[in-house]
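Below is work.cif, which holds mmCIF, C-alpha atoms.
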data_structure
loop_
_atom_site.label_atom_id
_atom_site.label_comp_id
_atom_site.auth_asym_id
_atom_site.auth_seq_id
_atom_site.Cartn_x
_atom_site.Cartn_y
_atom_site.Cartn_z
CA MET W 1 -2.56 -23.82 -12.54
CA THR W 2 -1.68 -24.29 -8.87
CA THR W 3 -4.57 -23.64 -6.49
CA ILE W 4 -5.25 -23.47 -2.77
CA GLN W 5 -6.14 -26.76 -1.10
CA SER W 6 -6.52 -25.66 2.53
CA ILE W 7 -5.84 -22.90 5.04
CA HIS W 8 -5.52 -23.38 8.79
CA ALA W 9 -5.02 -20.61 11.38
CA TYR W 10 -4.12 -20.90 15.06
CA GLU W 11 -2.77 -18.93 18.02
CA ILE W 12 0.89 -18.24 18.74
CA ILE W 13 2.46 -15.83 21.25
CA ASP W 14 3.97 -12.51 20.18
CA SER W 15 6.96 -10.60 21.57
CA ARG W 16 4.85 -8.90 24.24
CA GLY W 17 3.51 -12.19 25.57
CA ALA W 18 0.04 -12.01 24.03
CA PRO W 19 -1.67 -14.25 21.47
CA THR W 20 -1.58 -13.44 17.77
CA LEU W 21 -2.37 -15.33 14.57
CA GLU W 22 -0.26 -17.70 12.53
CA ALA W 23 -1.60 -19.68 9.59
CA GLN W 24 -0.51 -22.30 7.08
CA LEU W 25 -1.70 -22.68 3.51
CA VAL W 26 -1.33 -25.91 1.53
CA LEU W 27 -1.38 -25.89 -2.28
CA ASP W 28 -2.84 -28.67 -4.40
CA ASN W 29 0.69 -29.75 -5.36
CA GLY W 30 1.60 -30.32 -1.70
CA LEU W 31 3.76 -27.21 -1.25
CA HIS W 32 2.85 -24.95 1.64
CA ALA W 33 3.32 -21.43 3.00
CA ARG W 34 3.21 -20.09 6.54
CA THR W 35 2.91 -16.60 8.01
CA SER W 36 2.17 -14.76 11.27
CA VAL W 37 1.18 -11.18 12.00
CA PRO W 38 2.03 -8.57 14.63
CA ALA W 39 -0.66 -7.36 16.98
CA ALA W 40 -2.46 -4.07 16.40
CA TYR W 41 -2.37 -1.88 19.52
CA SER W 42 -4.60 0.99 18.47
CA LEU W 43 -3.90 4.33 20.14
CA PHE W 44 -6.04 6.67 18.07
CA PRO W 45 -9.57 6.81 16.59
CA ASN W 46 -10.27 4.98 13.31
CA GLU W 47 -7.08 2.90 13.48
CA ALA W 48 -7.49 -0.69 12.32
CA VAL W 49 -8.19 -3.06 15.20
CA ASP W 50 -7.66 -6.73 15.94
CA VAL W 51 -10.52 -9.07 16.73
CA ARG W 52 -9.97 -10.42 20.24
CA ASP W 53 -12.00 -13.05 22.10
CA GLU W 54 -12.74 -10.83 25.12
CA ASP W 55 -12.82 -14.00 27.24
CA PRO W 56 -11.45 -13.05 30.69
CA ASN W 57 -10.63 -16.71 31.39
CA ARG W 58 -8.05 -16.89 28.59
CA PHE W 59 -5.08 -14.54 28.20
CA PHE W 60 -6.99 -11.77 30.03
CA GLY W 61 -9.37 -11.51 27.09
CA ARG W 62 -6.58 -11.18 24.49
CA GLY W 63 -7.09 -14.56 22.81
CA VAL W 64 -7.62 -14.75 19.04
CA LEU W 65 -9.61 -17.97 18.68
CA HIS W 66 -12.49 -16.05 17.09
CA ALA W 67 -10.18 -14.58 14.48
CA ALA W 68 -8.73 -18.02 13.78
CA SER W 69 -12.24 -19.44 13.37
CA TYR W 70 -13.10 -16.73 10.83
CA ILE W 71 -10.19 -17.97 8.72
CA ASN W 72 -10.78 -21.69 9.31
CA GLU W 73 -14.57 -21.75 8.96
CA LEU W 74 -15.50 -18.77 6.78
CA ILE W 75 -12.61 -17.55 4.64
CA GLY W 76 -10.46 -20.62 4.08
CA PRO W 77 -13.18 -22.89 2.65
CA LYS W 78 -14.22 -20.19 0.14
CA LEU W 79 -10.63 -19.93 -1.12
CA LYS W 80 -10.26 -23.64 -1.85
CA GLY W 81 -9.50 -24.09 -5.55
CA VAL W 82 -8.53 -20.41 -6.00
CA SER W 83 -5.17 -19.45 -7.47
CA PRO W 84 -2.78 -17.69 -5.04
CA GLU W 85 -1.96 -15.35 -7.94
CA LYS W 86 -5.28 -13.59 -7.33
CA LEU W 87 -4.04 -11.49 -4.40
CA ALA W 88 -5.72 -8.27 -5.59
CA GLU W 89 -9.10 -9.97 -6.03
CA ILE W 90 -8.85 -11.79 -2.70
CA ASP W 91 -7.82 -8.65 -0.83
CA ASP W 92 -10.71 -6.71 -2.36
CA TRP W 93 -13.11 -9.46 -1.33
CA LEU W 94 -11.74 -9.44 2.24
CA VAL W 95 -12.09 -5.66 2.60
CA LYS W 96 -15.65 -5.72 1.27
CA ALA W 97 -16.57 -8.68 3.48
CA ASP W 98 -15.38 -6.74 6.51
CA GLY W 99 -17.13 -3.58 5.40
CA THR W 100 -15.90 -1.32 8.20
CA ARG W 101 -13.53 1.64 8.19
CA ASN W 102 -11.28 0.17 10.88
CA LYS W 103 -11.56 -3.54 9.98
CA SER W 104 -13.44 -4.16 13.22
CA ARG W 105 -15.87 -6.78 11.87
CA LEU W 106 -13.35 -9.44 10.83
CA GLY W 107 -10.29 -7.83 12.42
CA VAL W 108 -7.13 -6.46 10.85
CA ASN W 109 -5.33 -9.51 12.26
CA THR W 110 -7.65 -11.81 10.29
CA LEU W 111 -7.37 -9.88 7.03
CA LEU W 112 -3.61 -9.41 7.17
CA THR W 113 -2.97 -13.07 7.99
CA VAL W 114 -4.88 -14.17 4.90
CA SER W 115 -3.39 -11.47 2.66
CA GLN W 116 0.20 -12.27 3.67
CA LEU W 117 -0.48 -15.97 3.34
CA ILE W 118 -1.78 -15.62 -0.21
CA ALA W 119 1.26 -13.54 -1.19
CA ARG W 120 3.65 -16.11 0.29
CA ALA W 121 1.78 -18.96 -1.39
CA GLY W 122 2.10 -17.18 -4.74
CA ALA W 123 5.86 -16.97 -4.29
CA VAL W 124 6.01 -20.66 -3.40
CA ALA W 125 3.86 -21.62 -6.38
CA ASN W 126 6.13 -19.65 -8.73
CA GLY W 127 9.35 -20.85 -7.11
CA ILE W 128 10.61 -17.29 -6.54
CA PRO W 129 11.54 -15.25 -3.45
CA LEU W 130 8.69 -13.40 -1.76
CA PHE W 131 10.09 -9.96 -2.56
CA LYS W 132 10.06 -10.75 -6.29
CA GLN W 133 6.48 -12.00 -6.07
CA LEU W 134 5.39 -8.80 -4.30
CA ASN W 135 7.28 -6.67 -6.79
CA ASN W 136 5.59 -8.51 -9.67
CA LEU W 137 2.15 -8.13 -8.10
CA TYR W 138 2.64 -4.38 -7.76
CA LYS W 139 3.71 -4.11 -11.40
CA LYS W 140 0.69 -6.17 -12.47
CA LYS W 141 -1.68 -3.98 -10.46
CA TYR W 142 -0.39 -0.57 -11.59
CA ASN W 143 1.56 -1.35 -14.78
CA GLU W 144 4.52 0.36 -13.12
CA GLU W 145 7.88 -1.25 -12.43
CA ILE W 146 9.75 -0.68 -9.19
CA LYS W 147 13.33 -1.55 -10.05
CA ILE W 148 15.02 -3.52 -7.27
CA SER W 149 18.50 -2.09 -6.92
CA LYS W 150 19.29 -1.93 -3.21
CA ILE W 151 18.51 -3.07 0.30
CA PRO W 152 16.83 -0.25 2.25
CA THR W 153 19.00 1.57 4.80
CA PRO W 154 18.26 0.40 8.35
CA ILE W 155 17.23 2.69 11.19
CA PHE W 156 18.38 1.00 14.41
CA ASN W 157 16.73 1.73 17.75
CA MET W 158 19.53 2.30 20.30
CA ILE W 159 18.02 4.11 23.30
CA ASN W 160 14.37 4.07 24.40
CA GLY W 161 12.29 6.55 26.35
CA GLY W 162 8.69 7.77 26.36
CA ARG W 163 5.95 5.16 26.38
CA HIS W 164 8.37 2.43 25.22
CA ALA W 165 10.55 2.42 28.34
CA ASN W 166 10.59 3.00 32.07
CA SER W 167 12.95 5.98 31.93
CA SER W 168 12.90 9.73 32.48
CA MET W 169 13.36 10.62 28.82
CA ASP W 170 10.42 11.98 26.88
CA PHE W 171 11.41 11.01 23.34
CA GLN W 172 10.51 7.45 22.40
CA GLU W 173 13.55 6.33 20.40
CA PHE W 174 17.08 7.57 19.78
CA GLN W 175 18.34 5.85 16.64
CA ILE W 176 21.48 5.28 14.64
CA ILE W 177 21.23 5.44 10.85
CA PRO W 178 24.28 4.14 8.95
CA SER W 179 25.41 5.95 5.82
CA SER W 180 23.60 4.78 2.69
CA SER W 181 27.03 4.36 1.11
CA PHE W 182 27.49 1.17 3.15
CA SER W 183 26.17 -2.16 1.96
CA PHE W 184 23.46 -3.51 4.23
CA GLY W 185 25.84 -6.12 5.63
CA THR W 186 28.43 -3.48 6.53
CA ALA W 187 25.77 -1.20 8.02
CA TYR W 188 24.44 -4.12 10.09
CA GLN W 189 27.91 -5.06 11.32
CA LYS W 190 28.87 -1.51 12.30
CA SER W 191 25.56 -0.92 14.07
CA ILE W 192 25.85 -4.12 16.11
CA GLU W 193 29.36 -3.04 17.12
CA LEU W 194 27.94 0.35 18.09
CA PHE W 195 25.22 -1.28 20.15
CA SER W 196 27.82 -3.28 22.09
CA GLU W 197 29.97 -0.18 22.58
CA LEU W 198 26.94 1.80 23.73
CA LYS W 199 26.41 -0.66 26.56
CA LYS W 200 30.01 -0.06 27.69
CA VAL W 201 29.54 3.70 27.57
CA LEU W 202 26.34 3.48 29.60
CA GLU W 203 28.01 1.22 32.17
CA TYR W 204 30.94 3.64 32.45
CA ARG W 205 28.44 6.43 33.18
CA ASN W 206 26.66 4.24 35.78
CA ALA W 207 23.52 4.32 33.68
CA THR W 208 21.21 1.32 33.60
CA THR W 209 21.43 -1.03 30.62
CA ALA W 210 17.99 -2.60 30.77
CA VAL W 211 16.30 -2.74 27.37
CA GLY W 212 12.91 -1.50 26.23
CA GLU W 213 10.24 -3.38 24.31
CA GLU W 214 11.95 -3.00 20.94
CA GLY W 215 15.44 -3.74 22.21
CA GLY W 216 16.91 -0.28 22.76
CA PHE W 217 18.61 0.49 26.07
CA SER W 218 16.49 2.26 28.66
CA PRO W 219 19.04 4.18 30.77
CA ASN W 220 18.28 6.48 33.70
CA LEU W 221 19.34 9.69 31.95
CA SER W 222 18.05 13.05 33.14
CA ALA W 223 17.22 14.64 29.79
CA ASN W 224 16.77 13.88 26.10
CA LEU W 225 19.91 15.71 25.03
CA ASP W 226 21.96 13.39 27.26
CA ALA W 227 21.02 10.49 24.97
CA LEU W 228 22.23 12.41 21.92
CA GLU W 229 25.54 13.17 23.60
CA ILE W 230 26.00 9.51 24.50
CA LEU W 231 25.36 8.43 20.91
CA ASN W 232 27.96 10.94 19.73
CA GLU W 233 30.45 9.59 22.27
CA THR W 234 29.79 5.99 21.25
CA VAL W 235 30.33 6.68 17.55
CA SER W 236 33.55 8.52 18.38
CA GLN W 237 34.81 5.63 20.50
CA LEU W 238 34.70 3.37 17.47
CA LYS W 239 36.65 5.87 15.34
CA MET W 240 33.67 6.66 13.15
CA LYS W 241 32.41 10.10 12.26
CA MET W 242 28.92 11.29 13.11
CA GLY W 243 27.45 12.98 10.08
CA LEU W 244 29.59 10.92 7.71
CA ASP W 245 29.55 7.26 8.75
CA MET W 246 26.57 7.45 11.09
CA PHE W 247 23.60 9.74 11.52
CA VAL W 248 20.99 10.18 14.24
CA GLY W 249 17.26 9.59 14.06
CA ILE W 250 14.75 10.45 16.77
CA ASP W 251 11.26 9.06 17.15
CA MET W 252 9.92 11.84 19.34
CA ALA W 253 6.36 10.46 19.61
CA ALA W 254 5.36 13.95 20.68
CA SER W 255 1.73 13.06 21.45
CA PHE W 256 3.15 11.41 24.59
CA PHE W 257 4.18 14.76 26.09
CA ALA W 258 1.90 17.20 24.23
CA LYS W 259 -1.05 18.63 26.13
CA ASN W 260 -3.28 21.65 25.60
CA ASN W 261 -1.26 22.86 22.59
CA ALA W 262 1.96 22.87 24.62
CA TYR W 263 4.98 20.55 24.83
CA THR W 264 6.56 19.65 28.16
CA ILE W 265 9.94 17.87 28.18
CA LYS W 266 12.75 17.42 30.70
CA ASP W 267 15.15 19.63 28.74
CA LYS W 268 13.08 22.75 29.50
CA SER W 269 11.81 24.05 32.83
CA HIS W 270 8.48 25.16 31.38
CA ALA W 271 5.87 24.00 28.89
CA MET W 272 6.65 25.29 25.41
CA HIS W 273 4.09 26.67 23.00
CA VAL W 274 4.33 25.37 19.45
CA ASP W 275 6.62 28.03 18.01
CA GLU W 276 9.07 27.78 20.92
CA TYR W 277 9.04 24.00 20.67
CA ILE W 278 9.75 24.12 16.93
CA ALA W 279 12.65 26.49 17.64
CA PHE W 280 13.96 23.93 20.17
CA ILE W 281 13.78 21.18 17.53
CA LYS W 282 15.64 23.43 15.10
CA THR W 283 18.39 23.89 17.70
CA ILE W 284 18.73 20.11 18.04
CA THR W 285 19.00 19.63 14.29
CA ASP W 286 21.59 22.42 14.08
CA ASN W 287 23.81 20.87 16.77
CA TYR W 288 23.52 17.15 16.11
CA SER W 289 23.78 15.04 12.95
CA ILE W 290 20.05 14.45 12.69
CA LEU W 291 18.87 12.73 9.51
CA ALA W 292 15.31 11.78 10.49
CA LEU W 293 12.65 13.05 12.91
CA GLU W 294 9.61 10.84 13.44
CA ASP W 295 6.43 12.27 14.96
CA PRO W 296 8.12 15.48 16.13
CA LEU W 297 4.72 17.10 16.87
CA ASP W 298 1.37 16.02 18.21
CA ASN W 299 -0.54 13.83 15.76
CA GLU W 300 -3.28 16.43 15.21
CA ASP W 301 -1.06 19.54 15.19
CA TRP W 302 -1.22 19.86 11.40
CA ALA W 303 -0.19 23.52 11.42
CA GLY W 304 2.89 22.74 13.50
CA TRP W 305 3.87 19.87 11.20
CA LYS W 306 3.57 22.11 8.15
CA LYS W 307 5.67 24.84 9.78
CA LEU W 308 8.43 22.45 10.87
CA THR W 309 8.52 20.68 7.50
CA SER W 310 8.89 23.95 5.63
CA LEU W 311 11.69 24.95 8.02
CA ILE W 312 13.99 21.90 7.95
CA SER W 313 12.80 19.30 5.43
CA SER W 314 15.46 20.14 2.84
CA THR W 315 18.05 18.25 4.89
CA ILE W 316 16.04 16.06 7.27
CA TYR W 317 13.34 13.43 6.76
CA ILE W 318 10.16 14.48 8.59
CA ILE W 319 8.40 11.16 9.20
CA GLY W 320 4.75 10.62 10.04
CA ASP W 321 3.82 7.52 12.00
CA GLU W 322 1.12 8.57 14.44
CA LEU W 323 0.35 11.41 12.03
CA ILE W 324 -0.40 9.13 9.04
CA ARG W 325 -1.26 5.77 10.74
CA THR W 326 -0.91 3.98 7.37
CA SER W 327 -4.14 5.72 6.33
CA LYS W 328 -4.80 6.70 2.71
CA ASP W 329 -6.97 9.63 3.74
CA ARG W 330 -4.41 11.02 6.19
CA LEU W 331 -1.57 10.51 3.71
CA ASN W 332 -3.43 12.37 0.97
CA PHE W 333 -4.17 15.24 3.34
CA ALA W 334 -0.53 15.37 4.52
CA ILE W 335 0.70 15.50 0.93
CA LYS W 336 -1.71 18.30 0.04
CA ASP W 337 -0.85 20.17 3.24
CA GLY W 338 2.94 19.69 3.02
CA SER W 339 2.97 18.21 6.51
CA CYS W 340 5.76 15.63 6.18
CA THR W 341 8.21 14.16 3.69
CA SER W 342 8.04 10.49 4.67
CA PHE W 343 5.82 8.03 6.52
CA LEU W 344 5.83 4.55 8.00
CA LEU W 345 4.27 1.60 6.20
CA LYS W 346 2.76 -0.77 8.77
CA PRO W 347 0.54 -3.45 7.21
CA ASN W 348 -1.19 -4.20 10.52
CA GLN W 349 -2.54 -0.64 10.55
CA ILE W 350 -4.41 -1.10 7.28
CA GLY W 351 -5.20 -4.77 6.71
CA THR W 352 -4.14 -6.06 3.29
CA ILE W 353 -1.06 -6.00 1.10
CA SER W 354 -3.05 -4.51 -1.79
CA GLU W 355 -3.89 -1.52 0.41
CA ILE W 356 -0.17 -1.14 1.16
CA PHE W 357 0.47 -1.15 -2.59
CA GLU W 358 -2.03 1.70 -2.97
CA LEU W 359 -0.20 3.82 -0.39
CA VAL W 360 3.12 3.14 -2.12
CA ARG W 361 1.57 4.21 -5.43
CA ILE W 362 0.32 7.48 -3.90
CA ALA W 363 3.70 8.18 -2.33
CA ARG W 364 5.64 7.50 -5.53
CA GLN W 365 3.33 9.76 -7.54
CA ASN W 366 3.90 12.60 -5.06
CA ASN W 367 7.63 12.24 -4.37
CA VAL W 368 7.07 11.21 -0.75
CA SER W 369 9.32 8.51 0.70
CA TYR W 370 8.07 5.57 2.76
CA ILE W 371 9.63 3.39 5.42
CA ALA W 372 8.70 -0.25 6.03
CA ALA W 373 8.37 -0.63 9.79
CA GLY W 374 7.84 -3.30 12.40
CA ASN W 375 5.72 -2.99 15.53
CA MET W 376 5.93 -3.20 19.30
CA ALA W 377 4.32 -6.64 19.35
CA GLU W 378 6.11 -8.73 16.73
CA THR W 379 6.68 -12.32 15.67
CA ASN W 380 9.66 -13.97 14.00
CA ASP W 381 7.93 -13.66 10.61
CA ASP W 382 10.11 -11.70 8.16
CA PHE W 383 7.41 -10.77 5.62
CA ILE W 384 7.97 -7.04 6.18
CA ALA W 385 11.62 -7.38 5.10
CA ASP W 386 10.64 -8.80 1.72
CA LEU W 387 7.96 -6.14 1.37
CA ALA W 388 10.55 -3.41 2.03
CA VAL W 389 12.82 -4.73 -0.71
CA ALA W 390 9.94 -5.27 -3.14
CA MET W 391 8.70 -1.69 -2.69
CA GLN W 392 12.26 -0.27 -2.42
CA SER W 393 11.45 1.67 0.74
CA GLU W 394 13.93 4.40 1.62
CA PHE W 395 14.62 2.91 5.06
CA VAL W 396 13.52 0.01 7.24
CA LYS W 397 12.75 0.31 10.94
CA PHE W 398 12.47 -2.96 12.82
CA GLY W 399 13.89 -2.04 16.25
CA ALA W 400 17.27 -2.66 17.84
CA PRO W 401 19.86 -5.02 16.31
CA ILE W 402 19.00 -7.55 19.05
CA LEU W 403 15.97 -9.68 20.07
CA GLY W 404 14.86 -12.58 17.91
CA GLU W 405 11.78 -10.98 16.38
CA ARG W 406 13.89 -7.95 15.36
CA VAL W 407 16.98 -9.67 13.96
CA ALA W 408 14.85 -12.18 12.02
CA LYS W 409 13.89 -9.30 9.75
CA TYR W 410 17.37 -7.76 9.55
CA ASN W 411 18.85 -11.21 8.87
CA ARG W 412 16.38 -11.68 6.02
CA LEU W 413 17.55 -8.42 4.43
CA TRP W 414 21.15 -9.58 4.76
CA GLN W 415 20.22 -12.89 3.12
CA ILE W 416 18.55 -11.12 0.20
CA GLU W 417 21.62 -8.91 -0.26
CA ARG W 418 23.96 -11.92 -0.37
CA ASP W 419 21.87 -14.49 -2.20
CA GLU W 420 19.77 -12.39 -4.56
CA LEU W 421 21.69 -9.17 -5.17
CA GLY W 422 25.10 -10.84 -5.01
CA ILE W 423 26.62 -8.36 -2.52
CA LYS W 424 29.02 -10.08 -0.16
#
As structure tokens, please, write out the structure in this file.
Amino acid sequence: MTTIQSIHAYEIIDSRGAPTLEAQLVLDNGLHARTSVPAAYSLFPNEAVDVRDEDPNRFFGRGVLHAASYINELIGPKLKGVSPEKLAEIDDWLVKADGTRNKSRLGVNTLLTVSQLIARAGAVANGIPLFKQLNNLYKKKYNEEIKISKIPTPIFNMINGGRHANSSMDFQEFQIIPSSSFSFGTAYQKSIELFSELKKVLEYRNATTAVGEEGGFSPNLSANLDALEILNETVSQLKMKMGLDMFVGIDMAASFFAKNNAYTIKDKSHAMHVDEYIAFIKTITDNYSILALEDPLDNEDWAGWKKLTSLISSTIYIIGDELIRTSKDRLNFAIKDGSCTSFLLKPNQIGTISEIFELVRIARQNNVSYIAAGNMAETNDDFIADLAVAMQSEFVKFGAPILGERVAKYNRLWQIERDELGIK
């Protein structure tokens, strides 16, 4: 039986220019695995948090030397001689060792680095791709097979607003979602062509073509509906049909513009109460080829979420990101309440891969879809792509089809489609 010989963690820099963790594991047969994790930027209470050094003399206090030392001096030595097949047991040990609701003792960055590393090492030890190892581990844990039959459909970030860009638009992301009838490779190709054409359309309109943190353009448009019109125009320019070849997704991130039970956006001259705002959303979905709405209401407006979901969820995915926060408790409540039909899976919001498996299990038992998603602060690690395939998520959401940390994940999906599923 192959066992762990050593683990070593260290700092690298993420896509936002701040330190994060990378680690390498060496097996007793000389083979090794490596992984890195995105940063956790917690916006709401009880979200999982990173351990940071808080040393003002290094990286403005954002260093992660303490987290690395937890792995190198406390966790790693105790895992020497342990089989990397024991992911469930190791994850359980890590969660209990931390002992906090939000992983604040050891840090979600510490726990996720070790959990991902063990999963990768298991794949290396077995000589199989990571997605197959993860799929096998899920089956072993729950005695339930997730049949791998497809690459998840990508949701590409095209235009940014809200807190992700320096623009006048309120909504955070305007997205293109290729038809699920396309292979991943074809969807990727067409979306990259659309992204290039979008730049031309924006330049023709004298709109800025700077990009936001996740790669989408951040143009100086006056209202949210302008972005939807531009996406329609871009799709038309390439002789494709909106609503057939391409669909629209919006990450509204409504908590950004919600205040005192009212919603204030550029498209309206006054603050809207919840019912008026929901009626406005319904108008958008009636007039544009919307397939997915993420965080359309404030993250604590449970009544509003339930009302909107009952109104339009038969044709549109209502996705909880800030609503669910990759939390088992919030997911269970949302399912019971009928608040959404889908949610984002973000490992750095929960801590271990086994906890992600548990959320997938809950979702599958309750006919709720899930979407493997990247983060604002990313690395070139493509672990999330393999996880998406292993769990057969409905969609993946990694950002725009540009920027190295984004395309690393999309390229991994393309590789799996070609090399493992045999789709050229």
Assuming the chain letters and numbering stay as they are in my file, what does the PyMOL selection byres ((chain W and resi 364) around 12) actually select? List them as a PyMOL selection string. chain W and resi 142+144-146+335+341-342+357-363+365-370+391-394
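Our summary of the geometry notes that atom CA of Asn332 of chain W is positioned 12.3 Å from atom CA of Gly320 of chain W.
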Which value, in Å to one decimal, gives the distance between atom CA of Asp170 of chain W and atom CA of Lys241 of chain W? 26.5 Å
Expanded to explicit residues, what is the PyMOL selection byres ((chain W and resi 26) around 9) for this file, as a list in words?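 Applying the expression gives Thr3, Ile4, Gln5, Ser6, Ile7, His8, Gln24, Leu25, Leu27, Asp28, Asn29, Gly30, Leu31, His32, Ala33, Arg34 and Ala121 of chain W.
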Within 10 Å of (17.5, 17.2, 15.0) (file coordinates; only C-alpha atoms), which protein or nucleic acid residues are there? I'd like them as an NGL selection string. :W and (228 or 248-250 or 280-293 or 296 or 312 or 316-317)
Write the selection just made, keeping C-alpha atoms, as a short mmCIF file (atom, residue, chain, number, x, y, z; two decimals), in the coordinates of the input?
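Listed below is the output, result_11.cif:
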data_model
loop_
_atom_site.label_atom_id
_atom_site.label_comp_id
_atom_site.auth_asym_id
_atom_site.auth_seq_id
_atom_site.Cartn_x
_atom_site.Cartn_y
_atom_site.Cartn_z
CA LEU W 228 22.23 12.41 21.92
CA VAL W 248 20.99 10.18 14.24
CA GLY W 249 17.26 9.59 14.06
CA ILE W 250 14.75 10.45 16.77
CA PHE W 280 13.96 23.93 20.17
CA ILE W 281 13.78 21.18 17.53
CA LYS W 282 15.64 23.43 15.10
CA THR W 283 18.39 23.89 17.70
CA ILE W 284 18.73 20.11 18.04
CA THR W 285 19.00 19.63 14.29
CA ASP W 286 21.59 22.42 14.08
CA ASN W 287 23.81 20.87 16.77
CA TYR W 288 23.52 17.15 16.11
CA SER W 289 23.78 15.04 12.95
CA ILE W 290 20.05 14.45 12.69
CA LEU W 291 18.87 12.73 9.51
CA ALA W 292 15.31 11.78 10.49
CA LEU W 293 12.65 13.05 12.91
CA PRO W 296 8.12 15.48 16.13
CA ILE W 312 13.99 21.90 7.95
CA ILE W 316 16.04 16.06 7.27
CA TYR W 317 13.34 13.43 6.76
#
Can you list, as a PyMOL selection string, the residues that the PyMOL selection byres ((chain W and resi 51-64) around 8) selects here? chain W and resi 11+18-21+49-50+65-68+104-110
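One finds atom CA of Val396 of chain W at 23.6 Å from atom CA of Asn224 of chain W.
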Neighbour list for segment 186-190 of chain W as a PyMOL selection string, cut-off 9 Å, all atoms listed in the file, skip fewer than 4 positions in-chain: chain W and resi 153-154+177-182+194-195+401+410+414
Excluding Ile324 of chain W and residues on its chain fewer than 4 positions from it, collect all residues at most 8 Å away from it, counting only C-alpha atoms, and give them as a ChimeraX atom specification. /W:320,330-331,334,343-344
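Comparing W:Pro38, W:Gly374, W:Pro347, W:Pro84 by their smallest distance to Arg406 of chain W, the closest is W:Gly374 (using only C-alpha atoms).
In this comparison, which uses only C-alpha atoms, the residue of W:Thr208, W:Asn411, W:Asn102, W:Gln237 approaching Arg325 of chain W most closely is W:Asn102.
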Give me the residues near Gly422 of chain W as a PyMOL selection string, where near means some atom within 12 Å (using only C-alpha atoms) and where sequence neighbours in that chain fewer than 5 positions away do not count. chain W and resi 149-151+183-185+414-417
Measuring atom to atom with only C-alpha atoms, identify which of W:Ile356, W:Ala88, W:Ala400, W:Leu112 is nearest to Met158 of chain W.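 Closest candidate: W:Ala400.
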Which is closer to Ala23 of chain W than all the others in W:Gln175, W:Ser314, W:Thr2, W:Gln116, using all atoms listed in the file?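 Checking each candidate against Ala23 of chain W, we get W:Gln116 as the closest.
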Name the residues in contact with Asp381 of chain W at a cut-off of 8 Å, using all atoms listed in the file, excluding same-chain residues fewer than 3 positions from it; report them as number ranges by chain. W: 35-37, 384, 405, 408-409
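Distance check against Leu202 of chain W using all atoms listed in the file: of W:Asn260, W:Thr234, W:Ser222, W:Ser168, the minimum falls on W:Thr234.
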Between W:Asn46, W:Asn143, W:Thr352, W:Asn157, which is the closest to Ala373 of chain W once you count only C-alpha atoms?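 Comparing W:Asn46, W:Asn143, W:Thr352, W:Asn157 against Ala373 of chain W, the winner is W:Asn157.
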Quick one: residues within 7 Å of segment 299-310 of chain W, all atoms listed in the file, excluding same-chain residues fewer than 4 positions away - as a PyMOL selection string? chain W and resi 255+274+278+318+322-323+337-340
Reconstruct segment 6-16 of chain W at the level of N, CA and C atoms, and format the result as an mmCIF file, keeping the file's coordinate frame.
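Wrote out_35.cif, looks like this:
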data_model
loop_
_atom_site.group_PDB
_atom_site.id
_atom_site.type_symbol
_atom_site.label_atom_id
_atom_site.label_comp_id
_atom_site.auth_asym_id
_atom_site.auth_seq_id
_atom_site.Cartn_x
_atom_site.Cartn_y
_atom_site.Cartn_z
ATOM 1 N N SER W 6 -5.987 -25.887 1.187
ATOM 2 C CA SER W 6 -6.520 -25.660 2.530
ATOM 3 C C SER W 6 -5.766 -24.532 3.222
ATOM 4 N N ILE W 7 -6.436 -23.924 4.192
ATOM 5 C CA ILE W 7 -5.840 -22.900 5.040
ATOM 6 C C ILE W 7 -6.224 -23.208 6.481
ATOM 7 N N HIS W 8 -5.242 -23.124 7.371
ATOM 8 C CA HIS W 8 -5.520 -23.380 8.790
ATOM 9 C C HIS W 8 -4.810 -22.335 9.639
ATOM 10 N N ALA W 9 -5.566 -21.650 10.501
ATOM 11 C CA ALA W 9 -5.020 -20.610 11.380
ATOM 12 C C ALA W 9 -5.103 -21.053 12.832
ATOM 13 N N TYR W 10 -4.201 -20.525 13.654
ATOM 14 C CA TYR W 10 -4.120 -20.900 15.060
ATOM 15 C C TYR W 10 -3.381 -19.809 15.844
ATOM 16 N N GLU W 11 -3.424 -19.909 17.158
ATOM 17 C CA GLU W 11 -2.770 -18.930 18.020
ATOM 18 C C GLU W 11 -1.286 -19.234 18.201
ATOM 19 N N ILE W 12 -0.476 -18.175 18.235
ATOM 20 C CA ILE W 12 0.890 -18.240 18.740
ATOM 21 C C ILE W 12 1.055 -17.044 19.679
ATOM 22 N N ILE W 13 2.209 -16.927 20.320
ATOM 23 C CA ILE W 13 2.460 -15.830 21.250
ATOM 24 C C ILE W 13 3.431 -14.827 20.627
ATOM 25 N N ASP W 14 3.119 -13.539 20.760
ATOM 26 C CA ASP W 14 3.970 -12.510 20.180
ATOM 27 C C ASP W 14 5.037 -12.045 21.169
ATOM 28 N N SER W 15 5.814 -11.035 20.773
ATOM 29 C CA SER W 15 6.960 -10.600 21.570
ATOM 30 C C SER W 15 6.576 -9.875 22.848
ATOM 31 N N ARG W 16 5.312 -9.526 22.998
ATOM 32 C CA ARG W 16 4.850 -8.900 24.240
ATOM 33 C C ARG W 16 4.106 -9.894 25.128
#
